[in-house]
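Participant: The file below is input12.txt, compact mmCIF, C-alpha atoms:
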```
# COMPACT_ATOMS: atom_id res chain seq x y z
CA MET A 28 26.78 -1.14 3.51
CA ILE A 29 24.36 0.62 1.16
CA PHE A 30 21.98 -2.30 1.64
CA ASP A 31 22.09 -1.92 5.42
CA LEU A 32 21.32 1.76 5.01
CA ILE A 33 18.27 1.10 2.84
CA ILE A 34 16.98 -1.56 5.24
CA SER A 35 17.44 0.82 8.18
CA VAL A 36 15.58 3.59 6.37
CA PHE A 37 12.61 1.27 5.75
CA LEU A 38 12.64 0.14 9.40
CA VAL A 39 12.64 3.73 10.64
CA ILE A 40 9.75 4.65 8.29
CA ALA A 41 7.84 1.58 9.50
CA GLY A 42 8.41 2.54 13.12
CA ILE A 43 7.30 6.14 12.64
CA PHE A 44 4.11 5.27 10.80
CA GLY A 45 3.21 2.46 13.20
CA LEU A 46 3.62 4.87 16.10
CA VAL A 47 1.57 7.61 14.41
CA GLY A 48 -1.20 5.11 13.64
CA SER A 49 -1.42 4.08 17.29
CA TYR A 50 -1.21 7.68 18.50
CA GLY A 51 -4.07 8.55 16.14
CA LEU A 52 -6.25 5.99 17.91
CA VAL A 53 -5.74 7.89 21.16
CA LYS A 54 -5.94 11.40 19.77
CA LEU A 55 -8.86 11.43 17.35
CA PRO A 56 -12.22 12.30 18.90
CA ASP A 57 -14.74 9.56 17.95
CA LEU A 58 -15.01 6.10 16.45
CA MET A 59 -15.49 7.08 12.82
CA THR A 60 -12.45 9.38 12.76
CA ARG A 61 -10.41 6.86 14.77
CA LEU A 62 -11.09 4.32 12.05
CA HIS A 63 -8.91 6.37 9.70
CA ALA A 64 -5.71 6.17 11.73
CA PRO A 65 -5.08 2.41 11.82
CA THR A 66 -6.36 1.71 8.29
CA LYS A 67 -4.08 4.29 6.72
CA ALA A 68 -1.02 5.10 8.77
CA SER A 69 -0.39 1.48 9.74
CA THR A 70 -0.52 0.25 6.14
CA LEU A 71 2.70 2.10 5.40
CA GLY A 72 4.10 1.00 8.76
CA VAL A 73 3.59 -2.67 7.96
CA GLY A 74 4.67 -2.09 4.34
CA GLY A 75 7.97 -0.56 5.44
CA ALA A 76 8.72 -3.47 7.79
CA LEU A 77 7.95 -5.96 5.01
CA LEU A 78 10.20 -4.16 2.51
CA ALA A 79 12.99 -4.17 5.09
CA SER A 80 12.46 -7.90 5.63
CA MET A 81 12.62 -8.56 1.88
CA GLY A 82 15.77 -6.48 1.65
CA LEU A 83 17.41 -8.51 4.40
CA ALA A 84 16.51 -11.78 2.68
CA LEU A 85 17.95 -10.45 -0.60
CA LYS A 86 21.14 -9.43 1.16
CA GLN A 87 21.54 -12.96 2.50
CA GLY A 88 21.19 -14.24 -1.04
CA SER A 89 17.67 -15.64 -1.01
CA LEU A 90 14.37 -14.39 -2.34
CA SER A 91 11.48 -14.27 0.11
CA TRP A 92 7.88 -14.28 -1.13
CA HIS A 93 6.09 -14.28 2.23
CA GLU A 94 6.18 -10.49 2.43
CA LEU A 95 4.28 -10.15 -0.85
CA LEU A 96 1.61 -12.50 0.48
CA ILE A 97 1.31 -10.55 3.74
CA THR A 98 0.85 -7.35 1.73
CA LEU A 99 -1.82 -8.99 -0.41
CA PHE A 100 -3.76 -10.36 2.57
CA LEU A 101 -3.47 -7.04 4.40
CA PHE A 102 -4.88 -5.11 1.44
CA LEU A 103 -7.72 -7.61 1.12
CA THR A 104 -8.70 -7.63 4.79
CA ALA A 105 -8.13 -4.05 5.99
CA PRO A 106 -10.99 -2.44 3.99
CA ILE A 107 -13.40 -5.23 4.93
CA THR A 108 -12.68 -4.99 8.66
CA CYS A 109 -13.02 -1.24 8.42
CA ASN A 110 -16.34 -1.54 6.60
CA PHE A 111 -17.69 -3.99 9.21
CA ILE A 112 -16.79 -1.68 12.09
CA ALA A 113 -18.41 1.28 10.29
CA LYS A 114 -21.60 -0.71 9.60
CA ALA A 115 -21.77 -1.91 13.20
CA TRP A 116 -21.41 1.68 14.35
CA ILE A 117 -24.18 2.85 12.01
CA ALA A 118 -26.49 0.06 13.14
CA ARG A 119 -25.93 0.64 16.86
CA ASN A 120 -25.32 4.34 17.37
CA ALA A 121 -25.89 6.51 14.40
CA ASP A 122 -28.78 8.85 14.30
CA PRO A 123 -29.96 8.35 10.70
CA ALA A 124 -30.45 12.09 10.49
CA ILE A 125 -26.69 12.76 10.47
CA LEU A 126 -26.18 10.58 7.41
CA PRO A 127 -26.64 12.27 4.02
CA PRO A 128 -29.50 11.04 1.81
CA THR A 129 -28.63 8.28 -0.68
CA GLY A 130 -30.03 10.19 -3.62
CA THR A 131 -31.78 7.00 -4.76
CA HIS A 132 -35.17 5.58 -3.84
CA ARG A 133 -33.89 3.33 -1.05
CA THR A 134 -32.01 4.09 2.16
CA TRP A 135 -28.56 2.84 3.26
CA ALA A 136 -28.22 -0.95 3.37
CA THR A 137 -27.59 -1.09 7.13
CA LEU A 138 -30.73 0.93 7.86
CA ASP A 139 -32.89 -0.82 5.28
CA LEU A 140 -35.15 -3.19 7.20
CA THR A 141 -37.54 -4.05 4.38
CA GLU A 142 -37.86 -7.54 2.91
CA GLU A 143 -36.60 -6.43 -0.52
CA PRO A 144 -33.22 -7.95 -1.39
CA ILE A 145 -30.14 -5.75 -1.23
CA GLU A 146 -28.92 -4.98 -4.74
CA PRO A 147 -26.83 -5.64 -6.77
CA VAL A 148 -27.66 -9.29 -6.14
CA LEU A 149 -24.34 -10.95 -5.53
CA THR A 150 -25.22 -14.61 -5.50
CA PRO A 151 -28.15 -16.12 -7.33
CA PRO A 152 -29.23 -18.60 -4.66
CA GLY A 153 -27.71 -21.98 -5.43
CA LYS A 154 -27.80 -25.11 -3.37
CA PRO A 155 -24.89 -25.41 -0.97
CA GLY A 156 -22.32 -28.16 -1.35
CA ARG A 157 -20.58 -29.55 -4.39
CA PRO A 158 -21.88 -28.38 -7.79
CA SER A 159 -23.35 -31.25 -9.77
CA MET B 23 -13.61 -28.52 -18.38
CA ARG B 24 -15.84 -25.78 -17.09
CA LYS B 25 -17.18 -28.19 -14.46
CA LEU B 26 -13.73 -29.28 -13.32
CA LEU B 27 -12.32 -25.74 -13.22
CA PRO B 28 -15.16 -23.32 -12.46
CA HIS B 29 -12.67 -20.49 -11.83
CA PRO B 30 -9.41 -20.87 -13.76
CA GLY B 31 -8.12 -17.55 -12.44
CA LEU B 32 -8.71 -18.63 -8.85
CA THR B 33 -6.96 -21.93 -9.56
CA VAL B 34 -3.84 -20.16 -10.84
CA LEU B 35 -3.93 -17.75 -7.89
CA LEU B 36 -4.16 -20.63 -5.38
CA ILE B 37 -1.23 -22.48 -6.99
CA LEU B 38 0.89 -19.31 -6.94
CA THR B 39 -0.10 -18.56 -3.33
CA TRP B 40 0.85 -22.07 -2.27
CA LEU B 41 4.24 -21.87 -4.00
CA MET B 42 4.88 -18.49 -2.38
CA LEU B 43 3.95 -19.88 1.05
CA VAL B 44 6.46 -22.71 0.55
CA ASN B 45 8.90 -19.94 -0.48
CA GLU B 46 10.91 -22.04 -2.95
CA PHE B 47 10.10 -24.03 -6.05
CA LYS B 48 9.70 -27.79 -5.52
CA TRP B 49 7.85 -30.13 -7.87
CA GLY B 50 6.07 -31.73 -4.91
CA SER B 51 4.72 -28.33 -3.87
CA LEU B 52 3.54 -27.68 -7.41
CA VAL B 53 1.59 -30.97 -7.39
CA PHE B 54 0.04 -30.27 -4.00
CA GLY B 55 -0.71 -26.67 -5.00
CA THR B 56 -2.45 -27.92 -8.13
CA MET B 57 -4.56 -30.30 -6.04
CA LEU B 58 -5.58 -27.39 -3.79
CA GLY B 59 -6.20 -25.25 -6.88
CA VAL B 60 -8.65 -27.79 -8.26
CA ILE B 61 -10.40 -28.87 -5.05
CA LEU B 62 -10.94 -25.48 -3.38
CA PRO B 63 -12.70 -23.78 -6.34
CA LEU B 64 -14.90 -26.87 -6.75
CA LEU B 65 -15.96 -26.80 -3.09
CA THR B 66 -16.51 -23.04 -2.97
CA ALA B 67 -18.09 -22.64 -6.43
CA PRO B 68 -21.65 -22.16 -5.06
CA TYR B 69 -20.47 -18.94 -3.39
CA TRP B 70 -18.84 -17.63 -6.58
CA PRO B 71 -21.54 -17.96 -9.21
CA ASP B 72 -20.18 -15.24 -11.52
CA ARG B 73 -16.77 -14.91 -13.06
CA PRO B 74 -15.59 -11.30 -12.92
CA VAL B 75 -14.25 -10.43 -16.36
CA ILE B 76 -11.38 -7.98 -16.68
CA ARG B 77 -11.62 -6.57 -20.19
CA ASN B 78 -8.71 -4.21 -20.15
CA TRP B 79 -5.54 -5.58 -18.54
CA PRO B 80 -3.27 -2.55 -19.19
CA ALA B 81 -5.88 -0.34 -17.53
CA ALA B 82 -6.05 -2.75 -14.58
CA ILE B 83 -2.27 -2.61 -14.07
CA GLU B 84 -2.35 1.19 -14.36
CA TYR B 85 -5.10 1.22 -11.72
CA VAL B 86 -3.05 -0.89 -9.28
CA LEU B 87 -0.04 1.43 -9.65
CA ILE B 88 -2.18 4.55 -9.14
CA VAL B 89 -3.77 3.04 -6.03
CA ILE B 90 -0.38 2.09 -4.54
CA TRP B 91 0.85 5.64 -5.12
CA ASP B 92 -2.33 7.06 -3.55
CA ILE B 93 -1.95 4.75 -0.53
CA ILE B 94 1.52 6.16 0.13
CA LYS B 95 0.23 9.73 -0.24
CA SER B 96 -2.77 8.97 1.96
CA ASN B 97 -0.56 7.55 4.71
CA ILE B 98 1.47 10.74 4.82
CA THR B 99 -1.63 12.97 4.72
CA VAL B 100 -3.33 11.10 7.56
CA ALA B 101 -0.11 11.03 9.60
CA MET B 102 0.19 14.81 9.22
CA ILE B 103 -3.42 15.33 10.30
CA VAL B 104 -2.96 13.07 13.33
CA LEU B 105 0.26 14.76 14.40
CA PHE B 106 -0.24 18.43 13.68
CA ARG B 107 -3.95 19.24 13.44
CA PRO B 108 -5.65 20.26 16.69
CA ARG B 109 -8.88 18.36 17.38
CA ALA B 110 -11.02 21.44 16.85
CA GLY B 111 -9.52 22.05 13.40
CA LEU B 112 -10.76 18.72 12.10
CA ARG B 113 -13.72 18.81 9.73
CA PRO B 114 -15.07 15.27 9.39
CA ALA B 115 -17.90 14.85 6.90
CA TRP B 116 -20.25 12.22 5.51
CA ILE B 117 -20.63 12.24 1.74
CA THR B 118 -22.75 10.32 -0.73
CA VAL B 119 -21.05 9.12 -3.89
CA PRO B 120 -23.48 8.00 -6.61
CA VAL B 121 -22.17 4.83 -8.28
CA GLU B 122 -22.67 4.02 -11.94
CA LEU B 123 -20.87 0.67 -11.81
CA THR B 124 -23.22 -2.29 -11.85
CA SER B 125 -21.07 -5.38 -11.31
CA PRO B 126 -20.70 -6.35 -7.63
CA GLU B 127 -16.99 -7.02 -8.12
CA ALA B 128 -16.36 -3.53 -9.53
CA ILE B 129 -18.27 -1.88 -6.67
CA THR B 130 -16.28 -3.94 -4.15
CA VAL B 131 -13.00 -2.83 -5.70
CA LEU B 132 -14.15 0.80 -5.66
CA ALA B 133 -15.22 0.58 -2.00
CA GLY B 134 -11.92 -1.05 -1.01
CA THR B 135 -9.92 1.55 -2.91
CA ILE B 136 -11.78 4.41 -1.22
CA THR B 137 -11.01 2.92 2.19
CA MET B 138 -7.30 2.59 1.41
CA THR B 139 -6.87 6.13 0.01
CA PRO B 140 -6.61 9.69 1.37
CA GLY B 141 -8.72 10.32 4.46
CA THR B 142 -11.80 8.45 3.25
CA VAL B 143 -13.51 5.29 4.52
CA THR B 144 -16.40 3.47 2.86
CA ALA B 145 -19.08 3.03 5.52
CA ASP B 146 -22.11 1.68 3.69
CA ILE B 147 -23.84 1.13 0.36
CA ALA B 148 -27.37 2.16 -0.62
CA ALA B 149 -29.78 -0.77 -0.50
CA ASP B 150 -30.17 -0.60 -4.28
CA GLY B 151 -26.40 -0.42 -4.88
CA ARG B 152 -26.48 2.97 -6.59
CA ALA B 153 -24.58 5.02 -3.98
CA LEU B 154 -21.78 4.64 -1.45
CA LEU B 155 -21.66 6.29 1.97
CA ILE B 156 -18.18 7.70 2.62
CA HIS B 157 -16.75 9.14 5.80
CA CYS B 158 -14.04 11.77 5.36
CA LEU B 159 -11.52 12.49 8.08
CA ASP B 160 -11.02 16.06 6.97
CA ALA B 161 -13.04 17.49 4.12
CA PRO B 162 -13.32 21.26 3.81
CA ASP B 163 -14.94 20.67 0.39
CA PRO B 164 -17.00 17.43 0.27
CA ASP B 165 -18.08 17.96 -3.36
CA ALA B 166 -14.46 18.01 -4.52
CA VAL B 167 -13.81 14.69 -2.75
CA ARG B 168 -16.81 13.14 -4.50
CA ASP B 169 -15.80 14.41 -7.94
CA ASP B 170 -12.23 13.25 -7.35
CA ILE B 171 -13.37 9.70 -6.48
CA LYS B 172 -15.62 9.56 -9.53
CA ALA B 173 -12.99 10.86 -11.95
CA ARG B 174 -9.93 9.14 -10.54
CA TYR B 175 -11.23 5.68 -9.64
CA GLU B 176 -14.73 5.05 -10.96
CA ALA B 177 -14.01 6.15 -14.51
CA ARG B 178 -11.02 3.79 -14.65
CA LEU B 179 -12.97 0.88 -13.12
CA LYS B 180 -15.67 1.40 -15.73
CA ARG B 181 -13.08 0.88 -18.44
CA ILE B 182 -11.64 -2.21 -16.68
CA PHE B 183 -14.87 -4.06 -15.89
CA ALA B 184 -17.27 -2.52 -18.41
```
If you took the structure in this file and wrote it as structure tokens, what would it be?
Facilitator:
Amino acid sequence: MIFDLIISVFLVIAGIFGLVGSYGLVKLPDLMTRLHAPTKASTLGVGGALLASMGLALKQGSLSWHELLITLFLFLTAPITCNFIAKAWIARNADPAILPPTGTHRTWATLDLTEEPIEPVLTPPGKPGRPS
Amino acid sequence: MRKLLPHPGLTVLLILTWLMLVNEFKWGSLVFGTMLGVILPLLTAPYWPDRPVIRNWPAAIEYVLIVIWDIIKSNITVAMIVLFRPRAGLRPAWITVPVELTSPEAITVLAGTITMTPGTVTADIAADGRALLIHCLDAPDPDAVRDDIKARYEARLKRIFA
């Protein structure tokens, strides 16, 4: 009984936040503000559904790990997708004048068209394939 | 040993992920997971030349808990803005956050954290890696947002990765 209640509460939370995330996509005025709605509000929406799913598995006497994995993959991919969309928007539409200065001696990476490598250098160039 | 297992942490993570995908413990799965855990890091090693070193595990765990708490808060804040704030009342802003972290892994974690937390999204990095470009959904006081990010997340990451 108490278990059913908890699971229902999580499902309702998930539903509300999923709905608000989608509504935010419609309501907010431009791409950069729209980016906020699905990355934030939906995280809790998906999280609530996953907790409910784990609760149900527990109630049926088994332990389910898939939900933890989904959470992990979601947290790894959401910021990267978001960053890609933002960079694409900067590259295609943004007037560089609306962006604040970097405060350093080079401009933002997306706008930087010089031959100098982007720092910090992530990968010292190695040969592709199996390491010898 | 170093040649066979270029990334021991990644190996352990792959074995655990495989066992969790199978969803129950079987010895056969452990063997197959171990094979994956050895082969995948070997094949992908050229793309992972450095090993990120976490120097302070208690601080790392504290950081994860703080970020989870902030994600919950941020969800509620953004939901409230979406539902109850009229469009005209929204004050979006771009801010520059100077970054003192030097390791690429630490900067990546900081950028990801900023995206997942209250009303902020990481949009870009300066070409020399010394500043992040952040978009705020609603920032009446951009300087406060910047100081908050530096004090709350960057200072902790410095202790973890330093």
Participant: Show which residues sit within 12 Å of Leu101 of chain A, as a ChimeraX atom specification. Count all atoms listed in the file, and ignore same-chain residues fewer than 3 positions away.
Facilitator: /A:66-67,69-74,77,94-98,104-109 /B:134,138
Participant: Please, what distance in Å, to one decimal, runs between atom CA of Gly130 of chain A and atom CA of Asp72 of chain B?
Facilitator: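 Here the two named atoms are 28.4 Å from each other.
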Participant: Using Å and a single decimal, report how far atom CA of Ile83 of chain B sits from atom CA of Ala79 of chain A.
Facilitator: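 Interatomic distance here is 24.5 Å.
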Participant: Near chain B, which residues of chain A fall within 6 Å when you count only C-alpha atoms, and what do they look like as a list in words?
Facilitator: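 So the contacting residues turn out to be Gly51, Thr60, Lys67, Ala68, Trp92, Pro106, Asn110, Ala113, Arg133, Thr134, Trp135, Ala136, Ile145, Glu146, Pro147 and Arg157 of chain A.
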Participant: Write out as a tab-separated table (two decimals) with C-alpha atoms, in the coordinates of the input which residues come within 10 Å of Ala82 of chain B when counting all atoms listed in the file, dropping same-chain ones fewer than 2 positions away.
Facilitator:
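So the final result, stored in out.tsv, reads:
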```
chain	number	residue	atom	x	y	z
B	76	ILE	CA	-11.38	-7.98	-16.68
B	77	ARG	CA	-11.62	-6.57	-20.19
B	78	ASN	CA	-8.71	-4.21	-20.15
B	79	TRP	CA	-5.54	-5.58	-18.54
B	80	PRO	CA	-3.27	-2.55	-19.19
B	84	GLU	CA	-2.35	1.19	-14.36
B	85	TYR	CA	-5.10	1.22	-11.72
B	86	VAL	CA	-3.05	-0.89	-9.28
B	87	LEU	CA	-0.04	1.43	-9.65
B	88	ILE	CA	-2.18	4.55	-9.14
B	178	ARG	CA	-11.02	3.79	-14.65
B	179	LEU	CA	-12.97	0.88	-13.12
B	181	ARG	CA	-13.08	0.88	-18.44
B	182	ILE	CA	-11.64	-2.21	-16.68
B	183	PHE	CA	-14.87	-4.06	-15.89
```
Participant: Since the input is missing atoms, can you rebuild N, CA and C atoms for segment 104-132 of chain B and write them as a PDB file, keeping the file's coordinate frame?
Facilitator:
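So the final result, stored in result00.pdb, reads:
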```pdb
ATOM      1  N   VAL B 104      -2.993  13.598  11.967  1.00  0.00           N
ATOM      2  CA  VAL B 104      -2.960  13.070  13.330  1.00  0.00           C
ATOM      3  C   VAL B 104      -1.962  13.850  14.180  1.00  0.00           C
ATOM      4  N   LEU B 105      -0.802  14.155  13.592  1.00  0.00           N
ATOM      5  CA  LEU B 105       0.260  14.760  14.400  1.00  0.00           C
ATOM      6  C   LEU B 105       0.060  16.244  14.633  1.00  0.00           C
ATOM      7  N   PHE B 106      -0.345  16.980  13.571  1.00  0.00           N
ATOM      8  CA  PHE B 106      -0.240  18.430  13.680  1.00  0.00           C
ATOM      9  C   PHE B 106      -1.555  19.172  13.722  1.00  0.00           C
ATOM     10  N   ARG B 107      -2.685  18.510  13.475  1.00  0.00           N
ATOM     11  CA  ARG B 107      -3.950  19.240  13.440  1.00  0.00           C
ATOM     12  C   ARG B 107      -4.587  19.166  14.826  1.00  0.00           C
ATOM     13  N   PRO B 108      -4.930  20.330  15.416  1.00  0.00           N
ATOM     14  CA  PRO B 108      -5.650  20.260  16.690  1.00  0.00           C
ATOM     15  C   PRO B 108      -7.045  19.666  16.465  1.00  0.00           C
ATOM     16  N   ARG B 109      -7.591  19.031  17.509  1.00  0.00           N
ATOM     17  CA  ARG B 109      -8.880  18.360  17.380  1.00  0.00           C
ATOM     18  C   ARG B 109      -9.964  19.267  16.816  1.00  0.00           C
ATOM     19  N   ALA B 110      -9.944  20.536  17.259  1.00  0.00           N
ATOM     20  CA  ALA B 110     -11.020  21.440  16.850  1.00  0.00           C
ATOM     21  C   ALA B 110     -10.913  21.796  15.372  1.00  0.00           C
ATOM     22  N   GLY B 111      -9.705  21.660  14.798  1.00  0.00           N
ATOM     23  CA  GLY B 111      -9.520  22.050  13.400  1.00  0.00           C
ATOM     24  C   GLY B 111      -9.959  20.979  12.424  1.00  0.00           C
ATOM     25  N   LEU B 112     -10.391  19.840  12.961  1.00  0.00           N
ATOM     26  CA  LEU B 112     -10.760  18.720  12.100  1.00  0.00           C
ATOM     27  C   LEU B 112     -12.179  18.904  11.577  1.00  0.00           C
ATOM     28  N   ARG B 113     -12.366  18.698  10.265  1.00  0.00           N
ATOM     29  CA  ARG B 113     -13.720  18.810   9.730  1.00  0.00           C
ATOM     30  C   ARG B 113     -14.172  17.496   9.124  1.00  0.00           C
ATOM     31  N   PRO B 114     -14.590  16.542   9.948  1.00  0.00           N
ATOM     32  CA  PRO B 114     -15.070  15.270   9.390  1.00  0.00           C
ATOM     33  C   PRO B 114     -16.390  15.486   8.674  1.00  0.00           C
ATOM     34  N   ALA B 115     -16.653  14.680   7.640  1.00  0.00           N
ATOM     35  CA  ALA B 115     -17.900  14.850   6.900  1.00  0.00           C
ATOM     36  C   ALA B 115     -18.361  13.513   6.339  1.00  0.00           C
ATOM     37  N   TRP B 116     -19.675  13.358   6.228  1.00  0.00           N
ATOM     38  CA  TRP B 116     -20.250  12.220   5.510  1.00  0.00           C
ATOM     39  C   TRP B 116     -20.553  12.683   4.093  1.00  0.00           C
ATOM     40  N   ILE B 117     -20.206  11.875   3.089  1.00  0.00           N
ATOM     41  CA  ILE B 117     -20.630  12.240   1.740  1.00  0.00           C
ATOM     42  C   ILE B 117     -21.250  11.040   1.034  1.00  0.00           C
ATOM     43  N   THR B 118     -22.127  11.344   0.098  1.00  0.00           N
ATOM     44  CA  THR B 118     -22.750  10.320  -0.730  1.00  0.00           C
ATOM     45  C   THR B 118     -22.085  10.347  -2.096  1.00  0.00           C
ATOM     46  N   VAL B 119     -21.615   9.193  -2.545  1.00  0.00           N
ATOM     47  CA  VAL B 119     -21.050   9.120  -3.890  1.00  0.00           C
ATOM     48  C   VAL B 119     -21.964   8.242  -4.742  1.00  0.00           C
ATOM     49  N   PRO B 120     -22.649   8.827  -5.728  1.00  0.00           N
ATOM     50  CA  PRO B 120     -23.480   8.000  -6.610  1.00  0.00           C
ATOM     51  C   PRO B 120     -22.582   7.073  -7.427  1.00  0.00           C
ATOM     52  N   VAL B 121     -22.990   5.822  -7.583  1.00  0.00           N
ATOM     53  CA  VAL B 121     -22.170   4.830  -8.280  1.00  0.00           C
ATOM     54  C   VAL B 121     -22.857   4.426  -9.578  1.00  0.00           C
ATOM     55  N   GLU B 122     -22.092   4.453 -10.672  1.00  0.00           N
ATOM     56  CA  GLU B 122     -22.670   4.020 -11.940  1.00  0.00           C
ATOM     57  C   GLU B 122     -22.282   2.597 -12.281  1.00  0.00           C
ATOM     58  N   LEU B 123     -21.290   2.047 -11.554  1.00  0.00           N
ATOM     59  CA  LEU B 123     -20.870   0.670 -11.810  1.00  0.00           C
ATOM     60  C   LEU B 123     -22.006  -0.269 -11.432  1.00  0.00           C
ATOM     61  N   THR B 124     -22.139  -1.367 -12.168  1.00  0.00           N
ATOM     62  CA  THR B 124     -23.220  -2.290 -11.850  1.00  0.00           C
ATOM     63  C   THR B 124     -22.713  -3.635 -11.325  1.00  0.00           C
ATOM     64  N   SER B 125     -21.498  -4.055 -11.749  1.00  0.00           N
ATOM     65  CA  SER B 125     -21.070  -5.380 -11.310  1.00  0.00           C
ATOM     66  C   SER B 125     -20.629  -5.331  -9.851  1.00  0.00           C
ATOM     67  N   PRO B 126     -21.061  -6.348  -9.045  1.00  0.00           N
ATOM     68  CA  PRO B 126     -20.700  -6.350  -7.630  1.00  0.00           C
ATOM     69  C   PRO B 126     -19.189  -6.312  -7.413  1.00  0.00           C
ATOM     70  N   GLU B 127     -18.440  -6.988  -8.300  1.00  0.00           N
ATOM     71  CA  GLU B 127     -16.990  -7.020  -8.120  1.00  0.00           C
ATOM     72  C   GLU B 127     -16.402  -5.612  -8.272  1.00  0.00           C
ATOM     73  N   ALA B 128     -16.886  -4.868  -9.294  1.00  0.00           N
ATOM     74  CA  ALA B 128     -16.360  -3.530  -9.530  1.00  0.00           C
ATOM     75  C   ALA B 128     -16.674  -2.615  -8.356  1.00  0.00           C
ATOM     76  N   ILE B 129     -17.902  -2.723  -7.809  1.00  0.00           N
ATOM     77  CA  ILE B 129     -18.270  -1.880  -6.670  1.00  0.00           C
ATOM     78  C   ILE B 129     -17.411  -2.227  -5.459  1.00  0.00           C
ATOM     79  N   THR B 130     -17.135  -3.528  -5.270  1.00  0.00           N
ATOM     80  CA  THR B 130     -16.280  -3.940  -4.150  1.00  0.00           C
ATOM     81  C   THR B 130     -14.890  -3.342  -4.278  1.00  0.00           C
ATOM     82  N   VAL B 131     -14.336  -3.398  -5.500  1.00  0.00           N
ATOM     83  CA  VAL B 131     -13.000  -2.830  -5.700  1.00  0.00           C
ATOM     84  C   VAL B 131     -13.018  -1.335  -5.422  1.00  0.00           C
ATOM     85  N   LEU B 132     -14.060  -0.648  -5.899  1.00  0.00           N
ATOM     86  CA  LEU B 132     -14.150   0.800  -5.660  1.00  0.00           C
ATOM     87  C   LEU B 132     -14.231   1.089  -4.170  1.00  0.00           C
TER      88      LEU B 132
END
```
